[in-house]
$ cat target_21.pdb   # PDB, C-alpha atoms, pLDDT in the B column
ATOM      1  CA  MET G  10      -0.493 -11.302   5.878  1.00 43.00           C
ATOM      2  CA  GLY G  11      -2.564  -9.234   8.268  1.00 57.00           C
ATOM      3  CA  VAL G  12      -2.444 -10.292  11.879  1.00 51.00           C
ATOM      4  CA  SER G  13      -4.376  -9.614  15.051  1.00 49.00           C
ATOM      5  CA  SER G  14      -4.990 -11.034  18.475  1.00 47.00           C
ATOM      6  CA  ALA G  15      -8.244 -11.561  20.324  1.00 56.00           C
ATOM      7  CA  LYS G  16      -7.203  -8.714  22.617  1.00 67.00           C
ATOM      8  CA  ASP G  17      -6.813  -6.020  19.952  1.00 84.00           C
ATOM      9  CA  PHE G  18      -9.254  -7.215  17.281  1.00 97.00           C
ATOM     10  CA  ASP G  19     -12.193  -4.842  16.717  1.00 98.00           C
ATOM     11  CA  PRO G  20     -15.022  -6.519  14.768  1.00 98.00           C
ATOM     12  CA  ARG G  21     -16.903  -3.239  14.376  1.00 98.00           C
ATOM     13  CA  ALA G  22     -13.852  -1.592  12.776  1.00 98.00           C
ATOM     14  CA  LEU G  23     -13.433  -4.500  10.357  1.00 98.00           C
ATOM     15  CA  ALA G  24     -17.101  -4.296   9.386  1.00 98.00           C
ATOM     16  CA  ALA G  25     -16.791  -0.561   8.753  1.00 98.00           C
ATOM     17  CA  ARG G  26     -13.718  -1.136   6.543  1.00 98.00           C
ATOM     18  CA  LEU G  27     -15.446  -3.845   4.514  1.00 98.00           C
ATOM     19  CA  HIS G  28     -18.547  -1.714   4.123  1.00 98.00           C
ATOM     20  CA  SER G  29     -16.501   1.268   2.956  1.00 98.00           C
ATOM     21  CA  LEU G  30     -14.696  -0.831   0.345  1.00 97.00           C
ATOM     22  CA  GLN G  31     -17.968  -2.303  -0.845  1.00 96.00           C
ATOM     23  CA  LYS G  32     -19.605   1.111  -1.291  1.00 95.00           C
ATOM     24  CA  ALA G  33     -16.547   2.370  -3.180  1.00 95.00           C
ATOM     25  CA  ASP G  34     -16.475  -0.769  -5.359  1.00 93.00           C
ATOM     26  CA  LYS G  35     -12.865  -1.402  -4.319  1.00 96.00           C
ATOM     27  CA  THR G  36     -10.825  -4.250  -2.875  1.00 97.00           C
ATOM     28  CA  ALA G  37      -7.876  -4.426  -0.487  1.00 98.00           C
ATOM     29  CA  PRO G  38      -5.329  -7.213   0.030  1.00 98.00           C
ATOM     30  CA  THR G  39      -5.569  -9.514   3.021  1.00 98.00           C
ATOM     31  CA  ALA G  40      -2.359  -7.997   4.406  1.00 97.00           C
ATOM     32  CA  ASP G  41      -4.136  -4.659   4.866  1.00 97.00           C
ATOM     33  CA  PHE G  42      -6.715  -6.043   7.305  1.00 98.00           C
ATOM     34  CA  ALA G  43      -6.678  -6.894  10.996  1.00 96.00           C
ATOM     35  CA  LEU G  44      -7.722 -10.526  10.817  1.00 97.00           C
ATOM     36  CA  PRO G  45     -10.413 -12.134  12.979  1.00 98.00           C
ATOM     37  CA  PRO G  46      -8.579 -14.518  15.331  1.00 97.00           C
ATOM     38  CA  THR G  47     -11.561 -16.850  15.834  1.00 97.00           C
ATOM     39  CA  LEU G  48     -14.695 -17.899  14.019  1.00 96.00           C
ATOM     40  CA  GLN G  49     -16.795 -16.046  16.605  1.00 96.00           C
ATOM     41  CA  ASP G  50     -14.814 -12.845  15.944  1.00 98.00           C
ATOM     42  CA  ALA G  51     -15.452 -13.277  12.217  1.00 98.00           C
ATOM     43  CA  MET G  52     -19.174 -13.751  12.822  1.00 97.00           C
ATOM     44  CA  ASP G  53     -19.252 -10.710  15.112  1.00 98.00           C
ATOM     45  CA  ALA G  54     -17.722  -8.645  12.296  1.00 98.00           C
ATOM     46  CA  GLN G  55     -20.185 -10.119   9.799  1.00 98.00           C
ATOM     47  CA  ASN G  56     -23.087  -9.177  12.078  1.00 98.00           C
ATOM     48  CA  PHE G  57     -21.853  -5.581  12.299  1.00 98.00           C
ATOM     49  CA  LEU G  58     -21.500  -5.522   8.496  1.00 98.00           C
ATOM     50  CA  VAL G  59     -25.046  -6.851   8.106  1.00 98.00           C
ATOM     51  CA  ALA G  60     -26.267  -4.071  10.403  1.00 98.00           C
ATOM     52  CA  GLU G  61     -24.426  -1.422   8.346  1.00 97.00           C
ATOM     53  CA  GLU G  62     -25.952  -2.825   5.141  1.00 97.00           C
ATOM     54  CA  ARG G  63     -29.391  -2.956   6.820  1.00 97.00           C
ATOM     55  CA  ILE G  64     -30.002  -6.503   5.621  1.00 97.00           C
ATOM     56  CA  SER G  65     -33.305  -7.904   6.870  1.00 94.00           C
ATOM     57  CA  VAL G  66     -34.423 -10.538   4.328  1.00 92.00           C
ATOM     58  CA  PRO G  67     -34.316 -14.055   5.894  1.00 95.00           C
ATOM     59  CA  ALA G  68     -32.273 -15.609   3.079  1.00 98.00           C
ATOM     60  CA  TRP G  69     -28.962 -17.335   3.776  1.00 98.00           C
ATOM     61  CA  LYS G  70     -26.142 -19.340   2.258  1.00 98.00           C
ATOM     62  CA  VAL G  71     -24.638 -22.279   4.116  1.00 98.00           C
ATOM     63  CA  THR G  72     -21.210 -23.822   3.674  1.00 97.00           C
ATOM     64  CA  ALA G  73     -18.321 -25.087   5.793  1.00 97.00           C
ATOM     65  CA  SER G  74     -14.960 -23.663   6.844  1.00 96.00           C
ATOM     66  CA  PRO G  75     -11.777 -25.457   5.720  1.00 95.00           C
ATOM     67  CA  ASP G  76     -11.808 -27.386   9.013  1.00 94.00           C
ATOM     68  CA  GLY G  77     -15.445 -28.413   8.580  1.00 94.00           C
ATOM     69  CA  GLN G  78     -17.226 -25.904  10.823  1.00 96.00           C
ATOM     70  CA  PRO G  79     -20.699 -25.015   9.453  1.00 97.00           C
ATOM     71  CA  VAL G  80     -21.015 -21.302   8.623  1.00 98.00           C
ATOM     72  CA  THR G  81     -23.628 -19.001   7.101  1.00 98.00           C
ATOM     73  CA  ALA G  82     -23.987 -15.534   5.623  1.00 98.00           C
ATOM     74  CA  PRO G  83     -27.048 -13.543   4.523  1.00 98.00           C
ATOM     75  CA  LEU G  84     -27.874 -13.068   0.839  1.00 98.00           C
ATOM     76  CA  ASN G  85     -28.041  -9.426  -0.257  1.00 97.00           C
ATOM     77  CA  PRO G  86     -29.308  -7.977  -2.527  1.00 97.00           C
ATOM     78  CA  TYR G  87     -31.989 -10.642  -2.800  1.00 97.00           C
ATOM     79  CA  VAL G  88     -34.505 -10.762  -5.660  1.00 97.00           C
ATOM     80  CA  GLU G  89     -37.324 -13.199  -6.402  1.00 97.00           C
ATOM     81  CA  ALA G  90     -37.884 -13.316 -10.172  1.00 96.00           C
ATOM     82  CA  SER G  91     -37.624 -16.058 -12.777  1.00 95.00           C
ATOM     83  CA  SER G  92     -36.704 -13.429 -15.377  1.00 95.00           C
ATOM     84  CA  GLY G  93     -35.808  -9.758 -15.583  1.00 95.00           C
ATOM     85  CA  ALA G  94     -33.847  -9.433 -12.317  1.00 97.00           C
ATOM     86  CA  THR G  95     -30.780  -7.181 -12.339  1.00 98.00           C
ATOM     87  CA  ILE G  96     -27.783  -7.350  -9.991  1.00 97.00           C
ATOM     88  CA  ALA G  97     -24.906  -4.855 -10.060  1.00 97.00           C
ATOM     89  CA  TRP G  98     -21.778  -6.196 -11.783  1.00 97.00           C
ATOM     90  CA  ARG G  99     -18.326  -5.823 -10.191  1.00 95.00           C
ATOM     91  CA  PRO G 100     -14.868  -6.650 -11.590  1.00 92.00           C
ATOM     92  CA  GLY G 101     -13.983 -10.227 -10.700  1.00 93.00           C
ATOM     93  CA  MET G 102     -17.609 -11.164 -10.093  1.00 97.00           C
ATOM     94  CA  LYS G 103     -18.409 -14.884 -10.199  1.00 98.00           C
ATOM     95  CA  PHE G 104     -21.628 -16.765 -10.764  1.00 98.00           C
ATOM     96  CA  GLU G 105     -23.037 -19.998  -9.331  1.00 98.00           C
ATOM     97  CA  ALA G 106     -26.224 -21.895 -10.249  1.00 98.00           C
ATOM     98  CA  GLU G 107     -27.749 -23.385  -7.103  1.00 98.00           C
ATOM     99  CA  ILE G 108     -30.707 -25.123  -5.509  1.00 98.00           C
ATOM    100  CA  ALA G 109     -32.419 -23.165  -2.722  1.00 98.00           C
ATOM    101  CA  VAL G 110     -34.937 -24.463  -0.205  1.00 98.00           C
ATOM    102  CA  ARG G 111     -37.535 -22.790   1.992  1.00 98.00           C
ATOM    103  CA  LEU G 112     -38.314 -24.110   5.444  1.00 98.00           C
ATOM    104  CA  GLY G 113     -41.933 -24.852   6.206  1.00 98.00           C
ATOM    105  CA  LYS G 114     -41.308 -25.245   9.919  1.00 97.00           C
ATOM    106  CA  ASP G 115     -38.735 -24.298  12.560  1.00 98.00           C
ATOM    107  CA  LEU G 116     -35.595 -26.362  13.104  1.00 98.00           C
ATOM    108  CA  PRO G 117     -34.667 -25.345  16.672  1.00 98.00           C
ATOM    109  CA  VAL G 118     -31.227 -26.090  18.099  1.00 97.00           C
ATOM    110  CA  ARG G 119     -31.268 -29.593  19.552  1.00 96.00           C
ATOM    111  CA  VAL G 120     -29.466 -30.113  22.830  1.00 91.00           C
ATOM    112  CA  ASP G 121     -29.946 -33.889  22.779  1.00 92.00           C
ATOM    113  CA  GLY G 122     -29.585 -35.885  19.592  1.00 94.00           C
ATOM    114  CA  ASN G 123     -29.145 -34.783  15.991  1.00 97.00           C
ATOM    115  CA  TYR G 124     -31.389 -34.050  13.063  1.00 98.00           C
ATOM    116  CA  THR G 125     -31.376 -36.676  10.349  1.00 98.00           C
ATOM    117  CA  ARG G 126     -31.392 -35.907   6.658  1.00 98.00           C
ATOM    118  CA  ALA G 127     -35.023 -37.076   6.600  1.00 98.00           C
ATOM    119  CA  ASP G 128     -35.858 -34.529   9.343  1.00 98.00           C
ATOM    120  CA  ILE G 129     -34.449 -31.684   7.236  1.00 98.00           C
ATOM    121  CA  THR G 130     -36.179 -32.884   4.089  1.00 97.00           C
ATOM    122  CA  GLU G 131     -39.500 -33.086   5.917  1.00 98.00           C
ATOM    123  CA  ALA G 132     -39.057 -29.490   7.162  1.00 98.00           C
ATOM    124  CA  ILE G 133     -38.590 -28.132   3.615  1.00 98.00           C
ATOM    125  CA  SER G 134     -41.738 -26.729   2.018  1.00 98.00           C
ATOM    126  CA  GLU G 135     -40.357 -25.755  -1.413  1.00 98.00           C
ATOM    127  CA  ALA G 136     -37.251 -26.019  -3.602  1.00 98.00           C
ATOM    128  CA  TYR G 137     -36.128 -23.491  -6.208  1.00 98.00           C
ATOM    129  CA  LEU G 138     -33.578 -22.834  -8.933  1.00 98.00           C
ATOM    130  CA  GLY G 139     -31.351 -19.926  -7.878  1.00 98.00           C
ATOM    131  CA  ALA G 140     -28.333 -17.882  -8.928  1.00 98.00           C
ATOM    132  CA  GLU G 141     -25.683 -16.471  -6.596  1.00 98.00           C
ATOM    133  CA  LEU G 142     -23.312 -13.632  -7.504  1.00 98.00           C
ATOM    134  CA  LEU G 143     -19.965 -13.418  -5.695  1.00 98.00           C
ATOM    135  CA  ALA G 144     -17.398 -10.613  -5.374  1.00 97.00           C
ATOM    136  CA  SER G 145     -15.374 -10.045  -2.215  1.00 97.00           C
ATOM    137  CA  SER G 146     -13.940  -6.777  -0.905  1.00 97.00           C
ATOM    138  CA  VAL G 147     -10.855  -8.856  -0.057  1.00 98.00           C
ATOM    139  CA  ALA G 148      -8.570  -9.107  -3.087  1.00 97.00           C
ATOM    140  CA  GLU G 149      -7.723 -12.757  -2.454  1.00 96.00           C
ATOM    141  CA  SER G 150     -11.284 -13.636  -1.358  1.00 96.00           C
ATOM    142  CA  GLY G 151     -10.848 -16.492   1.146  1.00 96.00           C
ATOM    143  CA  LYS G 152      -7.589 -17.921  -0.180  1.00 96.00           C
ATOM    144  CA  LEU G 153      -5.403 -16.437   2.592  1.00 97.00           C
ATOM    145  CA  SER G 154      -7.892 -15.979   5.431  1.00 98.00           C
ATOM    146  CA  PHE G 155     -11.188 -17.835   5.446  1.00 98.00           C
ATOM    147  CA  LEU G 156     -12.259 -15.973   8.602  1.00 98.00           C
ATOM    148  CA  LEU G 157     -11.795 -12.607   6.868  1.00 98.00           C
ATOM    149  CA  PHE G 158     -13.850 -13.914   3.930  1.00 98.00           C
ATOM    150  CA  LEU G 159     -16.519 -15.082   6.395  1.00 98.00           C
ATOM    151  CA  ALA G 160     -16.673 -11.590   7.879  1.00 98.00           C
ATOM    152  CA  ASP G 161     -17.235 -10.300   4.321  1.00 98.00           C
ATOM    153  CA  ARG G 162     -20.448 -12.357   4.083  1.00 98.00           C
ATOM    154  CA  LEU G 163     -18.610 -15.158   2.272  1.00 98.00           C
ATOM    155  CA  GLY G 164     -18.351 -12.890  -0.756  1.00 98.00           C
ATOM    156  CA  ASN G 165     -22.068 -12.790  -1.507  1.00 98.00           C
ATOM    157  CA  ARG G 166     -23.051  -9.819  -3.672  1.00 98.00           C
ATOM    158  CA  GLY G 167     -26.496 -10.869  -4.766  1.00 98.00           C
ATOM    159  CA  TYR G 168     -28.964 -13.693  -5.164  1.00 98.00           C
ATOM    160  CA  VAL G 169     -31.813 -14.271  -7.592  1.00 98.00           C
ATOM    161  CA  LEU G 170     -34.449 -16.825  -6.621  1.00 98.00           C
ATOM    162  CA  GLY G 171     -36.032 -18.400  -9.681  1.00 98.00           C
ATOM    163  CA  PRO G 172     -38.789 -20.899 -10.387  1.00 98.00           C
ATOM    164  CA  VAL G 173     -40.166 -23.437  -7.954  1.00 98.00           C
ATOM    165  CA  LEU G 174     -38.890 -26.966  -8.598  1.00 98.00           C
ATOM    166  CA  PRO G 175     -40.357 -30.295  -7.556  1.00 97.00           C
ATOM    167  CA  LYS G 176     -39.216 -30.949  -3.988  1.00 97.00           C
ATOM    168  CA  ARG G 177     -37.713 -34.260  -5.096  1.00 97.00           C
ATOM    169  CA  VAL G 178     -34.968 -32.276  -6.846  1.00 97.00           C
ATOM    170  CA  ILE G 179     -32.986 -32.331  -3.592  1.00 97.00           C
ATOM    171  CA  GLU G 180     -32.738 -36.092  -4.037  1.00 97.00           C
ATOM    172  CA  THR G 181     -32.319 -36.244  -7.819  1.00 97.00           C
ATOM    173  CA  ILE G 182     -30.290 -33.144  -8.790  1.00 97.00           C
ATOM    174  CA  THR G 183     -26.921 -34.906  -9.185  1.00 96.00           C
ATOM    175  CA  ASN G 184     -26.148 -35.440 -12.886  1.00 97.00           C
ATOM    176  CA  THR G 185     -29.272 -33.562 -14.005  1.00 98.00           C
ATOM    177  CA  PRO G 186     -28.454 -31.705 -17.270  1.00 98.00           C
ATOM    178  CA  LEU G 187     -27.547 -28.071 -16.572  1.00 98.00           C
ATOM    179  CA  SER G 188     -26.705 -25.396 -19.122  1.00 98.00           C
ATOM    180  CA  VAL G 189     -25.700 -21.784 -18.555  1.00 98.00           C
ATOM    181  CA  THR G 190     -25.168 -19.115 -21.194  1.00 98.00           C
ATOM    182  CA  PHE G 191     -23.694 -15.639 -20.748  1.00 98.00           C
ATOM    183  CA  ASN G 192     -24.545 -13.117 -23.455  1.00 97.00           C
ATOM    184  CA  GLY G 193     -25.669 -16.052 -25.565  1.00 97.00           C
ATOM    185  CA  GLN G 194     -22.398 -17.983 -25.214  1.00 97.00           C
ATOM    186  CA  SER G 195     -22.189 -21.267 -23.315  1.00 98.00           C
ATOM    187  CA  ILE G 196     -20.232 -21.055 -20.053  1.00 98.00           C
ATOM    188  CA  TYR G 197     -21.430 -24.351 -18.593  1.00 98.00           C
ATOM    189  CA  ASP G 198     -23.020 -27.365 -20.240  1.00 98.00           C
ATOM    190  CA  GLY G 199     -22.907 -30.574 -18.254  1.00 98.00           C
ATOM    191  CA  PRO G 200     -24.315 -32.464 -15.298  1.00 98.00           C
ATOM    192  CA  ALA G 201     -25.274 -30.629 -12.101  1.00 98.00           C
ATOM    193  CA  GLN G 202     -22.609 -31.465  -9.515  1.00 98.00           C
ATOM    194  CA  HIS G 203     -22.602 -30.222  -5.914  1.00 98.00           C
ATOM    195  CA  PRO G 204     -19.141 -29.958  -4.240  1.00 96.00           C
ATOM    196  CA  LYS G 205     -20.222 -32.425  -1.530  1.00 96.00           C
ATOM    197  CA  GLY G 206     -22.257 -34.670  -3.815  1.00 96.00           C
ATOM    198  CA  ASP G 207     -25.396 -33.884  -1.778  1.00 97.00           C
ATOM    199  CA  VAL G 208     -27.086 -30.465  -1.745  1.00 97.00           C
ATOM    200  CA  MET G 209     -28.370 -31.170   1.767  1.00 98.00           C
ATOM    201  CA  GLU G 210     -25.046 -31.863   3.477  1.00 98.00           C
ATOM    202  CA  TRP G 211     -24.082 -28.342   4.561  1.00 98.00           C
ATOM    203  CA  LEU G 212     -27.626 -27.545   5.702  1.00 98.00           C
ATOM    204  CA  LEU G 213     -27.758 -30.742   7.756  1.00 98.00           C
ATOM    205  CA  ASP G 214     -24.393 -29.956   9.351  1.00 98.00           C
ATOM    206  CA  TYR G 215     -25.548 -26.430  10.220  1.00 98.00           C
ATOM    207  CA  ALA G 216     -28.844 -27.681  11.666  1.00 98.00           C
ATOM    208  CA  ASN G 217     -26.835 -29.926  14.010  1.00 98.00           C
ATOM    209  CA  ASP G 218     -24.442 -27.156  15.070  1.00 97.00           C
ATOM    210  CA  ARG G 219     -25.328 -26.534  18.721  1.00 95.00           C
ATOM    211  CA  LEU G 220     -23.479 -23.195  18.622  1.00 93.00           C
ATOM    212  CA  ARG G 221     -25.689 -21.668  15.925  1.00 96.00           C
ATOM    213  CA  PRO G 222     -28.044 -18.827  16.936  1.00 95.00           C
ATOM    214  CA  HIS G 223     -31.348 -19.910  18.415  1.00 95.00           C
ATOM    215  CA  THR G 224     -33.013 -17.518  15.956  1.00 95.00           C
ATOM    216  CA  SER G 225     -31.654 -19.461  12.958  1.00 97.00           C
ATOM    217  CA  LEU G 226     -33.511 -21.902  10.671  1.00 98.00           C
ATOM    218  CA  LYS G 227     -36.987 -20.563  11.353  1.00 98.00           C
ATOM    219  CA  SER G 228     -40.054 -21.332   9.269  1.00 98.00           C
ATOM    220  CA  GLY G 229     -40.016 -19.211   6.107  1.00 98.00           C
ATOM    221  CA  ALA G 230     -36.225 -18.949   5.929  1.00 98.00           C
ATOM    222  CA  LEU G 231     -34.704 -19.386   2.462  1.00 98.00           C
ATOM    223  CA  ILE G 232     -31.441 -21.352   2.368  1.00 98.00           C
ATOM    224  CA  THR G 233     -29.243 -21.747  -0.702  1.00 98.00           C
ATOM    225  CA  THR G 234     -27.240 -24.931  -0.698  1.00 97.00           C
ATOM    226  CA  GLY G 235     -24.125 -24.507  -2.852  1.00 97.00           C
ATOM    227  CA  THR G 236     -23.015 -24.404  -6.462  1.00 98.00           C
ATOM    228  CA  LEU G 237     -23.972 -26.967  -9.091  1.00 98.00           C
ATOM    229  CA  CYS G 238     -21.514 -25.707 -11.717  1.00 98.00           C
ATOM    230  CA  GLY G 239     -18.502 -24.347  -9.843  1.00 98.00           C
ATOM    231  CA  ALA G 240     -17.794 -20.609  -9.593  1.00 98.00           C
ATOM    232  CA  ILE G 241     -17.673 -19.051 -13.070  1.00 98.00           C
ATOM    233  CA  GLU G 242     -16.090 -15.607 -13.488  1.00 97.00           C
ATOM    234  CA  LEU G 243     -18.088 -13.001 -15.408  1.00 98.00           C
ATOM    235  CA  ALA G 244     -15.584 -10.847 -17.292  1.00 95.00           C
ATOM    236  CA  SER G 245     -18.134  -8.155 -18.124  1.00 97.00           C
ATOM    237  CA  PRO G 246     -21.743  -7.151 -17.528  1.00 98.00           C
ATOM    238  CA  GLY G 247     -24.297  -9.223 -19.402  1.00 98.00           C
ATOM    239  CA  THR G 248     -27.267 -11.562 -19.369  1.00 98.00           C
ATOM    240  CA  ILE G 249     -27.268 -15.042 -17.842  1.00 98.00           C
ATOM    241  CA  GLU G 250     -29.680 -17.830 -18.745  1.00 98.00           C
ATOM    242  CA  ILE G 251     -29.816 -21.026 -16.666  1.00 98.00           C
ATOM    243  CA  VAL G 252     -31.688 -24.077 -17.920  1.00 98.00           C
ATOM    244  CA  LEU G 253     -32.068 -27.105 -15.648  1.00 98.00           C
ATOM    245  CA  ASP G 254     -33.142 -30.434 -17.142  1.00 97.00           C
ATOM    246  CA  GLY G 255     -34.173 -28.681 -20.349  1.00 97.00           C
ATOM    247  CA  LYS G 256     -37.270 -27.060 -18.830  1.00 95.00           C
ATOM    248  CA  SER G 257     -36.700 -24.973 -15.673  1.00 98.00           C
ATOM    249  CA  ARG G 258     -35.305 -21.548 -16.624  1.00 98.00           C
ATOM    250  CA  LEU G 259     -33.895 -18.560 -14.786  1.00 98.00           C
ATOM    251  CA  ASP G 260     -32.793 -15.375 -16.585  1.00 98.00           C
ATOM    252  CA  LEU G 261     -30.989 -12.445 -14.969  1.00 98.00           C
ATOM    253  CA  THR G 262     -28.730  -9.541 -15.847  1.00 98.00           C
ATOM    254  CA  VAL G 263     -25.564  -8.249 -14.205  1.00 98.00           C
ATOM    255  CA  ALA G 264     -25.262  -4.616 -15.223  1.00 96.00           C
TER     256      ALA G 264
END
$ encode --input "target_21.pdb" --output "structure tokens"
Amino acid sequence: MGVSSAKDFDPRALAARLHSLQKADKTAPTADFALPPTLQDAMDAQNFLVAEERISVPAWKVTASPDGQPVTAPLNPYVEASSGATIAWRPGMKFEAEIAVRLGKDLPVRVDGNYTRADITEAISEAYLGAELLASSVAESGKLSFLLFLADRLGNRGYVLGPVLPKRVIETITNTPLSVTFNGQSIYDGPAQHPKGDVMEWLLDYANDRLRPHTSLKSGALITTGTLCGAIELASPGTIEIVLDGKSRLDLTVA
């Protein structure tokens, strides 16, 4: 496995390598990379990668590292369309149906005390049905080095924001019927299930992270909260249709 130390690790060089692989539509094994030794090094590399990709849309994914540290990465490319959106397909690409939320007011870093779940809910102006596409430039994704995967924007390779949902969905989504078809064939048909059981958990943890940037979680920011159907591999280009509770629909194409 690739190794590095804080002394010799160059986050800008890692970002350039990841960007080059992404543009060439290639992957490299973990062993070929100098690994970020700390979470801050990984985020520094991610920030350089974001600069190289010229990402400016305030749309983010939130999750947690294996040891429970809240982490984020920007969503790019980002499209708002309930139907007709197209994202580039890559070998090994995976798909996730998700709930996204938009903040209606700032959630500044709190030095004293923590945000409650009710605080976060009150700050949300709208909820949406969304679709995330995943494909890392690291052959093993995050299986061997989560910090390397974090530097690679947590594998995000696109996001489509679909229809507005009733805000109460953040309370009621668990076990809501969810169906997904790919090229007309069912790839998921069952209850919506978030990995943590609560779509708000990772966002709440990140809001209470006193080390997060003071520019984070501003009014207008779009945050996607995690998969409702697991990560489903897309073996080829095609068309995806998501139907939530039999009525909310999102159609997109990977091509």
$ closest_residue --input "target_21.pdb" --among "G:Cys238, G:Leu30, G:Ile108, G:Leu259" --to "Asp198 (chain G)" --atoms "only C-alpha atoms"
G:Cys238
$ closest_atom_pairs --input "target_21.pdb" --of "region 71-96 of chain G" --to "region 126-149 of chain G" --cutoff "9 Å" --atoms "only C-alpha atoms" --output "tab-separated table"
residue	atom	partner	partner_atom	distance
G:Leu84	CA	G:Glu141	CA	8.5
G:Ser91	CA	G:Leu138	CA	8.8
G:Ile96	CA	G:Leu142	CA	8.1
$ closest_residue --input "target_21.pdb" --among "G:Leu213, G:Ala90, G:Leu226, G:Ala106" --to "Gln78 (chain G)" --atoms "only C-alpha atoms"
G:Leu213
$ atom_distance --input "target_21.pdb" --atom1 "CA of Gln202 (chain G)" --atom2 "CA of Thr183 (chain G)"
5.5 Å
$ atom_distance --input "target_21.pdb" --atom1 "CA of Leu156 (chain G)" --atom2 "CA of Thr72 (chain G)"
12.9 Å
$ build_atoms --input "target_21.pdb" --residues "region 140-152 of chain G" --atoms "N, CA and C atoms" --output "CSV table (one decimal), in the coordinates of the input"
chain,number,residue,atom,x,y,z
G,140,ALA,N,-29.6,-18.3,-8.4
G,140,ALA,CA,-28.3,-17.9,-8.9
G,140,ALA,C,-27.7,-17.0,-7.9
G,141,GLU,N,-26.4,-17.3,-7.5
G,141,GLU,CA,-25.7,-16.5,-6.6
G,141,GLU,C,-24.6,-15.7,-7.3
G,142,LEU,N,-24.4,-14.4,-7.0
G,142,LEU,CA,-23.3,-13.6,-7.5
G,142,LEU,C,-22.3,-13.4,-6.4
G,143,LEU,N,-21.0,-13.5,-6.7
G,143,LEU,CA,-20.0,-13.4,-5.7
G,143,LEU,C,-18.9,-12.4,-6.1
G,144,ALA,N,-18.5,-11.6,-5.1
G,144,ALA,CA,-17.4,-10.6,-5.4
G,144,ALA,C,-17.0,-10.1,-4.0
G,145,SER,N,-15.8,-10.4,-3.5
G,145,SER,CA,-15.4,-10.0,-2.2
G,145,SER,C,-14.7,-8.7,-2.2
G,146,SER,N,-14.7,-8.0,-1.1
G,146,SER,CA,-13.9,-6.8,-0.9
G,146,SER,C,-12.5,-7.1,-0.6
G,147,VAL,N,-12.2,-8.4,-0.3
G,147,VAL,CA,-10.9,-8.9,-0.1
G,147,VAL,C,-10.3,-9.3,-1.4
G,148,ALA,N,-9.1,-8.8,-1.8
G,148,ALA,CA,-8.6,-9.1,-3.1
G,148,ALA,C,-8.4,-10.6,-3.3
G,149,GLU,N,-8.0,-11.3,-2.3
G,149,GLU,CA,-7.7,-12.8,-2.5
G,149,GLU,C,-8.9,-13.6,-2.1
G,150,SER,N,-10.1,-12.9,-1.9
G,150,SER,CA,-11.3,-13.6,-1.4
G,150,SER,C,-10.9,-14.4,-0.1
G,151,GLY,N,-11.2,-15.7,-0.1
G,151,GLY,CA,-10.8,-16.5,1.1
G,151,GLY,C,-9.6,-17.3,1.1
G,152,LYS,N,-8.8,-17.1,0.0
G,152,LYS,CA,-7.6,-17.9,-0.2
G,152,LYS,C,-6.6,-17.8,0.9
